[in-house]
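Novice: Sharing structure29.cif here; it has mmCIF, C-alpha atoms, pLDDT in the B column; chains and numbers go by the auth columns.
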```
data_coords
#
loop_
_atom_site.group_PDB
_atom_site.id
_atom_site.type_symbol
_atom_site.label_atom_id
_atom_site.label_comp_id
_atom_site.label_asym_id
_atom_site.label_seq_id
_atom_site.Cartn_x
_atom_site.Cartn_y
_atom_site.Cartn_z
_atom_site.B_iso_or_equiv
_atom_site.auth_seq_id
_atom_site.auth_asym_id
ATOM 1 C CA MET A 1 91.474 77.228 107.872 87.00 222 A
ATOM 2 C CA ASN A 2 93.264 75.879 104.852 88.00 223 A
ATOM 3 C CA CYS A 3 92.849 78.489 102.131 92.00 224 A
ATOM 4 C CA ILE A 4 95.747 77.033 100.145 93.00 225 A
ATOM 5 C CA GLY A 5 93.951 73.691 99.896 94.00 226 A
ATOM 6 C CA CYS A 6 90.617 75.225 98.889 93.00 227 A
ATOM 7 C CA THR A 7 89.585 74.331 95.356 93.00 228 A
ATOM 8 C CA THR A 8 86.498 76.540 95.011 93.00 229 A
ATOM 9 C CA LYS A 9 87.930 79.902 96.133 93.00 230 A
ATOM 10 C CA ALA A 10 84.300 80.789 96.893 92.00 231 A
ATOM 11 C CA CYS A 11 85.375 83.741 99.039 94.00 232 A
ATOM 12 C CA LYS A 12 86.622 85.447 95.882 91.00 233 A
ATOM 13 C CA THR A 13 84.111 84.127 93.350 93.00 234 A
ATOM 14 C CA GLU A 14 80.912 84.169 95.457 93.00 235 A
ATOM 15 C CA GLY A 15 81.691 86.357 98.480 94.00 236 A
ATOM 16 C CA LYS A 16 81.347 83.298 100.761 94.00 237 A
ATOM 17 C CA ASP A 17 82.429 83.736 104.396 95.00 238 A
ATOM 18 C CA CYS A 18 84.071 80.373 105.117 93.00 239 A
ATOM 19 C CA ALA A 19 85.633 81.648 108.342 93.00 240 A
ATOM 20 C CA GLY A 20 82.502 83.257 109.786 94.00 241 A
ATOM 21 C CA ILE A 21 84.267 86.606 110.263 94.00 242 A
ATOM 22 C CA LYS A 22 82.469 88.926 107.849 94.00 243 A
ATOM 23 C CA ASP A 23 80.534 90.949 110.463 94.00 244 A
ATOM 24 C CA GLU A 24 83.525 91.302 112.785 94.00 245 A
ATOM 25 C CA THR A 25 85.716 92.333 109.854 92.00 246 A
ATOM 26 C CA LEU A 26 83.250 94.919 108.595 93.00 247 A
ATOM 27 C CA ASP A 27 83.199 96.432 112.094 93.00 248 A
ATOM 28 C CA VAL A 28 86.924 97.151 111.694 91.00 249 A
ATOM 29 C CA TYR A 29 86.382 98.878 108.336 91.00 250 A
ATOM 30 C CA ARG A 30 83.598 101.031 109.772 92.00 251 A
ATOM 31 C CA GLY A 31 86.289 102.833 111.760 90.00 252 A
ATOM 32 C CA GLU A 32 87.419 106.078 110.103 90.00 253 A
ATOM 33 C CA ASP A 33 91.153 105.293 110.185 88.00 254 A
ATOM 34 C CA ALA A 34 90.878 101.747 108.865 90.00 255 A
ATOM 35 C CA ARG A 35 88.508 102.821 106.108 92.00 256 A
ATOM 36 C CA ARG A 36 90.784 105.681 105.000 92.00 257 A
ATOM 37 C CA ILE A 37 93.850 103.422 105.002 90.00 258 A
ATOM 38 C CA TYR A 38 91.949 100.752 103.081 90.00 259 A
ATOM 39 C CA LEU A 39 90.762 103.218 100.437 93.00 260 A
ATOM 40 C CA ASN A 40 94.225 104.711 99.995 92.00 261 A
ATOM 41 C CA ALA A 41 95.820 101.274 99.716 90.00 262 A
ATOM 42 C CA ASP A 42 93.112 100.157 97.317 91.00 263 A
ATOM 43 C CA SER A 43 93.749 103.139 95.064 91.00 264 A
ATOM 44 C CA LEU A 44 97.281 101.843 94.502 90.00 265 A
ATOM 45 C CA VAL A 45 96.213 98.422 93.217 86.00 266 A
ATOM 46 C CA SER A 46 92.605 98.581 91.997 85.00 267 A
ATOM 47 C CA GLY A 47 91.483 98.900 88.412 75.00 268 A
ATOM 48 C CA GLY A 48 94.385 96.895 87.053 75.00 269 A
ATOM 49 C CA ARG A 49 97.072 98.967 88.814 76.00 270 A
ATOM 50 C CA ALA A 50 98.368 96.031 90.873 78.00 271 A
ATOM 51 C CA GLY A 51 102.013 95.441 90.051 78.00 272 A
ATOM 52 C CA THR A 52 102.462 98.653 88.045 85.00 273 A
ATOM 53 C CA LEU A 53 104.398 100.376 90.831 88.00 274 A
ATOM 54 C CA SER A 54 107.470 99.013 92.571 91.00 275 A
ATOM 55 C CA ARG A 55 107.022 98.371 96.277 90.00 276 A
ATOM 56 C CA LEU A 56 109.091 101.490 96.974 93.00 277 A
ATOM 57 C CA GLU A 57 106.999 103.645 94.636 94.00 278 A
ATOM 58 C CA GLU A 58 103.874 102.208 96.241 92.00 279 A
ATOM 59 C CA LEU A 59 105.250 103.005 99.693 93.00 280 A
ATOM 60 C CA VAL A 60 106.014 106.636 98.823 94.00 281 A
ATOM 61 C CA ARG A 61 102.626 107.113 97.166 94.00 282 A
ATOM 62 C CA PHE A 62 100.849 105.577 100.172 94.00 283 A
ATOM 63 C CA CYS A 63 102.710 107.940 102.531 94.00 284 A
ATOM 64 C CA GLU A 64 101.613 110.848 100.345 94.00 285 A
ATOM 65 C CA LEU A 65 97.981 109.682 100.342 94.00 286 A
ATOM 66 C CA GLN A 66 98.028 109.242 104.120 94.00 287 A
ATOM 67 C CA ASN A 67 99.779 112.591 104.539 93.00 288 A
ATOM 68 C CA TYR A 68 102.592 110.964 106.547 93.00 289 A
ATOM 69 C CA LYS A 69 105.503 113.378 106.823 90.00 290 A
ATOM 70 C CA ASN A 70 107.846 111.594 109.249 93.00 291 A
ATOM 71 C CA ILE A 71 108.764 108.018 108.372 96.00 292 A
ATOM 72 C CA GLY A 72 110.982 105.677 110.355 96.00 293 A
ATOM 73 C CA ILE A 73 113.093 102.913 108.846 97.00 294 A
ATOM 74 C CA ALA A 74 113.996 100.117 111.258 97.00 295 A
ATOM 75 C CA TYR A 75 116.651 97.962 109.632 97.00 296 A
ATOM 76 C CA CYS A 76 119.225 95.220 110.090 96.00 297 A
ATOM 77 C CA TYR A 77 122.835 96.373 109.907 94.00 298 A
ATOM 78 C CA GLY A 78 123.425 93.680 107.268 96.00 299 A
ATOM 79 C CA ILE A 79 121.345 95.638 104.752 96.00 300 A
ATOM 80 C CA GLU A 80 122.365 99.155 105.701 97.00 301 A
ATOM 81 C CA ASN A 81 123.162 100.033 102.068 97.00 302 A
ATOM 82 C CA LEU A 82 119.621 99.099 101.022 97.00 303 A
ATOM 83 C CA ALA A 83 118.190 101.082 103.943 97.00 304 A
ATOM 84 C CA ARG A 84 120.332 104.078 102.907 98.00 305 A
ATOM 85 C CA ASP A 85 119.087 103.818 99.312 97.00 306 A
ATOM 86 C CA THR A 86 115.483 103.568 100.512 96.00 307 A
ATOM 87 C CA ALA A 87 115.883 106.585 102.786 97.00 308 A
ATOM 88 C CA GLY A 88 117.475 108.562 99.953 97.00 309 A
ATOM 89 C CA TYR A 89 114.669 107.714 97.545 96.00 310 A
ATOM 90 C CA MET A 90 112.015 108.732 100.064 96.00 311 A
ATOM 91 C CA SER A 91 113.860 111.908 101.113 96.00 312 A
ATOM 92 C CA ALA A 92 114.201 112.977 97.475 96.00 313 A
ATOM 93 C CA ARG A 93 110.398 112.864 97.313 94.00 314 A
ATOM 94 C CA GLY A 94 109.910 115.182 100.264 93.00 315 A
ATOM 95 C CA ILE A 95 109.499 112.649 103.061 95.00 316 A
ATOM 96 C CA LYS A 96 111.443 113.192 106.277 96.00 317 A
ATOM 97 C CA VAL A 97 113.135 109.890 107.106 97.00 318 A
ATOM 98 C CA PHE A 98 114.484 108.761 110.470 97.00 319 A
ATOM 99 C CA SER A 99 116.602 105.594 110.568 97.00 320 A
ATOM 100 C CA TYR A 100 117.119 103.048 113.330 97.00 321 A
ATOM 101 C CA ARG A 101 119.887 100.451 113.058 97.00 322 A
ATOM 102 C CA CYS A 102 119.297 97.165 114.864 95.00 323 A
ATOM 103 C CA THR A 103 122.283 97.703 117.186 95.00 324 A
ATOM 104 C CA LEU A 104 120.918 101.068 118.372 95.00 325 A
ATOM 105 C CA GLY A 105 121.479 101.546 122.087 94.00 326 A
ATOM 106 C CA GLY A 106 124.624 99.382 122.244 94.00 327 A
ATOM 107 C CA ILE A 107 122.980 96.606 124.257 93.00 328 A
ATOM 108 C CA SER A 108 125.335 93.652 124.700 94.00 329 A
ATOM 109 C CA GLU A 109 123.951 90.136 124.744 94.00 330 A
ATOM 110 C CA ASP A 110 125.102 89.533 128.328 95.00 331 A
ATOM 111 C CA MET A 111 123.006 92.516 129.471 93.00 332 A
ATOM 112 C CA ILE A 112 119.933 90.608 128.298 93.00 333 A
ATOM 113 C CA ASP A 113 121.055 87.206 129.579 93.00 334 A
ATOM 114 C CA GLY A 114 124.185 86.644 131.644 93.00 335 A
ATOM 115 C CA SER A 115 124.883 83.334 129.920 95.00 336 A
ATOM 116 C CA LEU A 116 125.556 85.145 126.638 94.00 337 A
ATOM 117 C CA GLY A 117 128.732 86.912 125.562 93.00 338 A
ATOM 118 C CA PRO A 118 129.651 90.604 125.642 94.00 339 A
ATOM 119 C CA SER A 119 129.091 91.309 121.945 94.00 340 A
ATOM 120 C CA VAL A 120 126.564 93.952 120.942 94.00 341 A
ATOM 121 C CA ASN A 121 123.673 92.376 119.091 91.00 342 A
ATOM 122 C CA CYS A 122 120.272 93.430 117.814 94.00 343 A
ATOM 123 C CA ASN A 123 118.008 95.549 119.983 95.00 344 A
ATOM 124 C CA PRO A 124 114.520 95.405 118.417 95.00 345 A
ATOM 125 C CA ALA A 125 112.838 96.690 121.585 95.00 346 A
ATOM 126 C CA GLY A 126 115.197 99.675 121.505 95.00 347 A
ATOM 127 C CA GLN A 127 114.374 100.349 117.863 96.00 348 A
ATOM 128 C CA ALA A 128 110.660 100.415 118.706 95.00 349 A
ATOM 129 C CA ILE A 129 111.211 102.670 121.725 95.00 350 A
ATOM 130 C CA ALA A 130 113.318 105.120 119.685 96.00 351 A
ATOM 131 C CA LEU A 131 110.710 105.204 116.894 94.00 352 A
ATOM 132 C CA LYS A 132 107.976 106.045 119.393 92.00 353 A
ATOM 133 C CA ASN A 133 110.161 108.646 121.133 94.00 354 A
ATOM 134 C CA ASP A 134 110.855 110.399 117.811 94.00 355 A
ATOM 135 C CA GLY A 135 107.159 110.576 116.979 90.00 356 A
ATOM 136 C CA VAL A 136 107.319 108.941 113.567 93.00 357 A
ATOM 137 C CA GLU A 137 103.963 108.343 111.910 93.00 358 A
ATOM 138 C CA PHE A 138 104.774 105.267 109.866 94.00 359 A
ATOM 139 C CA VAL A 139 107.477 102.589 110.013 94.00 360 A
ATOM 140 C CA VAL A 140 109.248 100.672 107.274 95.00 361 A
ATOM 141 C CA GLU A 141 110.801 97.499 108.636 95.00 362 A
ATOM 142 C CA MET A 142 113.731 96.127 106.672 96.00 363 A
ATOM 143 C CA GLY A 143 115.331 92.736 107.289 95.00 364 A
ATOM 144 C CA LEU A 144 114.885 92.255 111.026 94.00 365 A
ATOM 145 C CA CYS A 145 115.732 88.728 112.121 92.00 366 A
ATOM 146 C CA LEU A 146 113.035 86.191 112.921 92.00 367 A
ATOM 147 C CA GLY A 147 112.193 86.551 116.583 91.00 368 A
ATOM 148 C CA HIS A 148 113.650 90.029 116.715 92.00 369 A
ATOM 149 C CA ASP A 149 110.827 91.129 114.442 91.00 370 A
ATOM 150 C CA VAL A 150 108.372 89.597 116.917 91.00 371 A
ATOM 151 C CA ILE A 151 109.833 91.652 119.780 92.00 372 A
ATOM 152 C CA PHE A 152 109.853 94.729 117.538 92.00 373 A
ATOM 153 C CA HIS A 153 106.162 94.376 116.656 90.00 374 A
ATOM 154 C CA GLU A 154 105.162 93.632 120.237 90.00 375 A
ATOM 155 C CA SER A 155 106.925 96.828 121.322 91.00 376 A
ATOM 156 C CA LEU A 156 105.717 99.064 118.520 88.00 377 A
ATOM 157 C CA GLU A 157 102.412 100.934 118.332 73.00 378 A
ATOM 158 C CA ILE A 158 102.942 102.676 114.969 68.00 379 A
ATOM 159 C CA PRO A 159 101.630 101.518 111.565 60.00 380 A
ATOM 160 C CA THR A 160 104.103 99.230 109.764 60.00 381 A
ATOM 161 C CA PRO A 161 103.477 98.141 106.155 59.00 382 A
ATOM 162 C CA CYS A 162 105.460 94.944 106.042 50.00 383 A
ATOM 163 C CA SER A 163 108.582 93.044 106.801 44.00 384 A
ATOM 164 C CA SER A 164 110.987 92.742 103.962 45.00 385 A
#
```
Once more with this new file: its structure as structure tokens, please.

Specialist:
Amino acid sequence: MNCIGCTTKACKTEGKDCAGIKDETLDVYRGEDARRIYLNADSLVSGGRAGTLSRLEELVRFCELQNYKNIGIAYCYGIENLARDTAGYMSARGIKVFSYRCTLGGISEDMIDGSLGPSVNCNPAGQAIALKNDGVEFVVEMGLCLGHDVIFHESLEIPTPCSS
């Protein structure tokens, strides 16, 4: 696939299925959960609403539409102030927020690989485990490093809207 190089954009203008995935995709949306999530997400951007809410406002509204009450924020220690502000904004709107710093668990690098030093570094697997153990319903991921985010997503089985 090379959607960027496409000049016709026939998927958008004509409903063309260039990838041959329409039936398989529609099977996903026939599932109750996927359909409900899709409709709630669509309500935030359809009818000219796209871009009228900030990403944070969109996130809070989506949580309300989905009836999520317990939200987890997995974040990099380098942006803890932003994570704190995000948690405060969400909490002020009635959402219970749990937060998970990347160094959670105090795992030193040499515990992962003996050739590394004793400094405590990121623990994305630990963040995912703690999120699951706390029973959060939805996860906001903020600033996890490349590679660490891969481990985080491989370890996590909870809806996550995006990396930022």

Novice: Between A:Cys343, A:Leu303, A:Ala240, A:Val371, which has the minimum distance to Arg322 of chain A (counting only C-alpha atoms)?

Specialist: A:Cys343

Novice: Can you work out the spacing between atom CA of Ser329 of chain A and atom CA of Glu362 of chain A in Å, to one decimal?

Specialist: 22.0 Å

Novice: What residues have an atom no more than 12 Å from (111.8, 93.6, 119.3) in the file's own frame, counting all atoms listed in the file, and can you write them as a PyMOL selection string?

Specialist: chain A and resi 295-297+323-325+342-352+362+365-378

Novice: Please return the centre and edge lengths, in Å to one decimal, of a box with edges along x, y and z that contains all listed atoms of segment 361-366 of chain A, widened by 4 Å on every side, as lines of an AutoDock Vina configuration file.

Specialist:
```
center_x = 112.5
center_y = 94.7
center_z = 109.4
size_x = 14.5
size_y = 19.9
size_z = 13.4
```

Novice: Please list as an NGL selection string every residue within 10 Å of Ser340 of chain A, counting all atoms listed in the file and excluding residues in the same chain fewer than 6 positions away.

Specialist: :A and (327-332)

Novice: I need the residue set behind the PyMOL selection byres ((chain A and resi 290) around 7) for this file; please write it as an NGL selection string.

Specialist: :A and (288-289 or 291-292 or 316-317)

Novice: Which distance in Å separates atom CA of Leu274 of chain A and atom CA of Ala262 of chain A, to one decimal?

Specialist: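 So the two atoms, atom CA of Leu274 of chain A and atom CA of Ala262 of chain A, lie 12.4 Å apart.
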
Novice: Could you name the residues that touch Glu279 of chain A at 12 Å or less, counting all atoms listed in the file, but leaving out those on the same chain fewer than 2 positions away, as a list in words?

Specialist: Asn261, Ala262, Asp263, Ser264, Leu265, Val266, Arg270, Ala271, Gly272, Thr273, Leu274, Ser275, Arg276, Leu277, Val281, Arg282, Phe283, Cys284, Glu285, Leu286, Met311 and Pro382 of chain A

Novice: Record the distance separating atom CA of Val361 of chain A and atom CA of Ile294 of chain A, expressed in Å with one decimal.

Specialist: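 So the answer is 4.7 Å.
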
Novice: Could you check the closest approach to Ala308 of chain A for each of A:Arg257, A:Met363, A:Ile333, A:Gly326 and tell me which residue wins, using all atoms listed in the file?

Specialist: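 Of all the options, A:Met363 lies closest to Ala308 of chain A.
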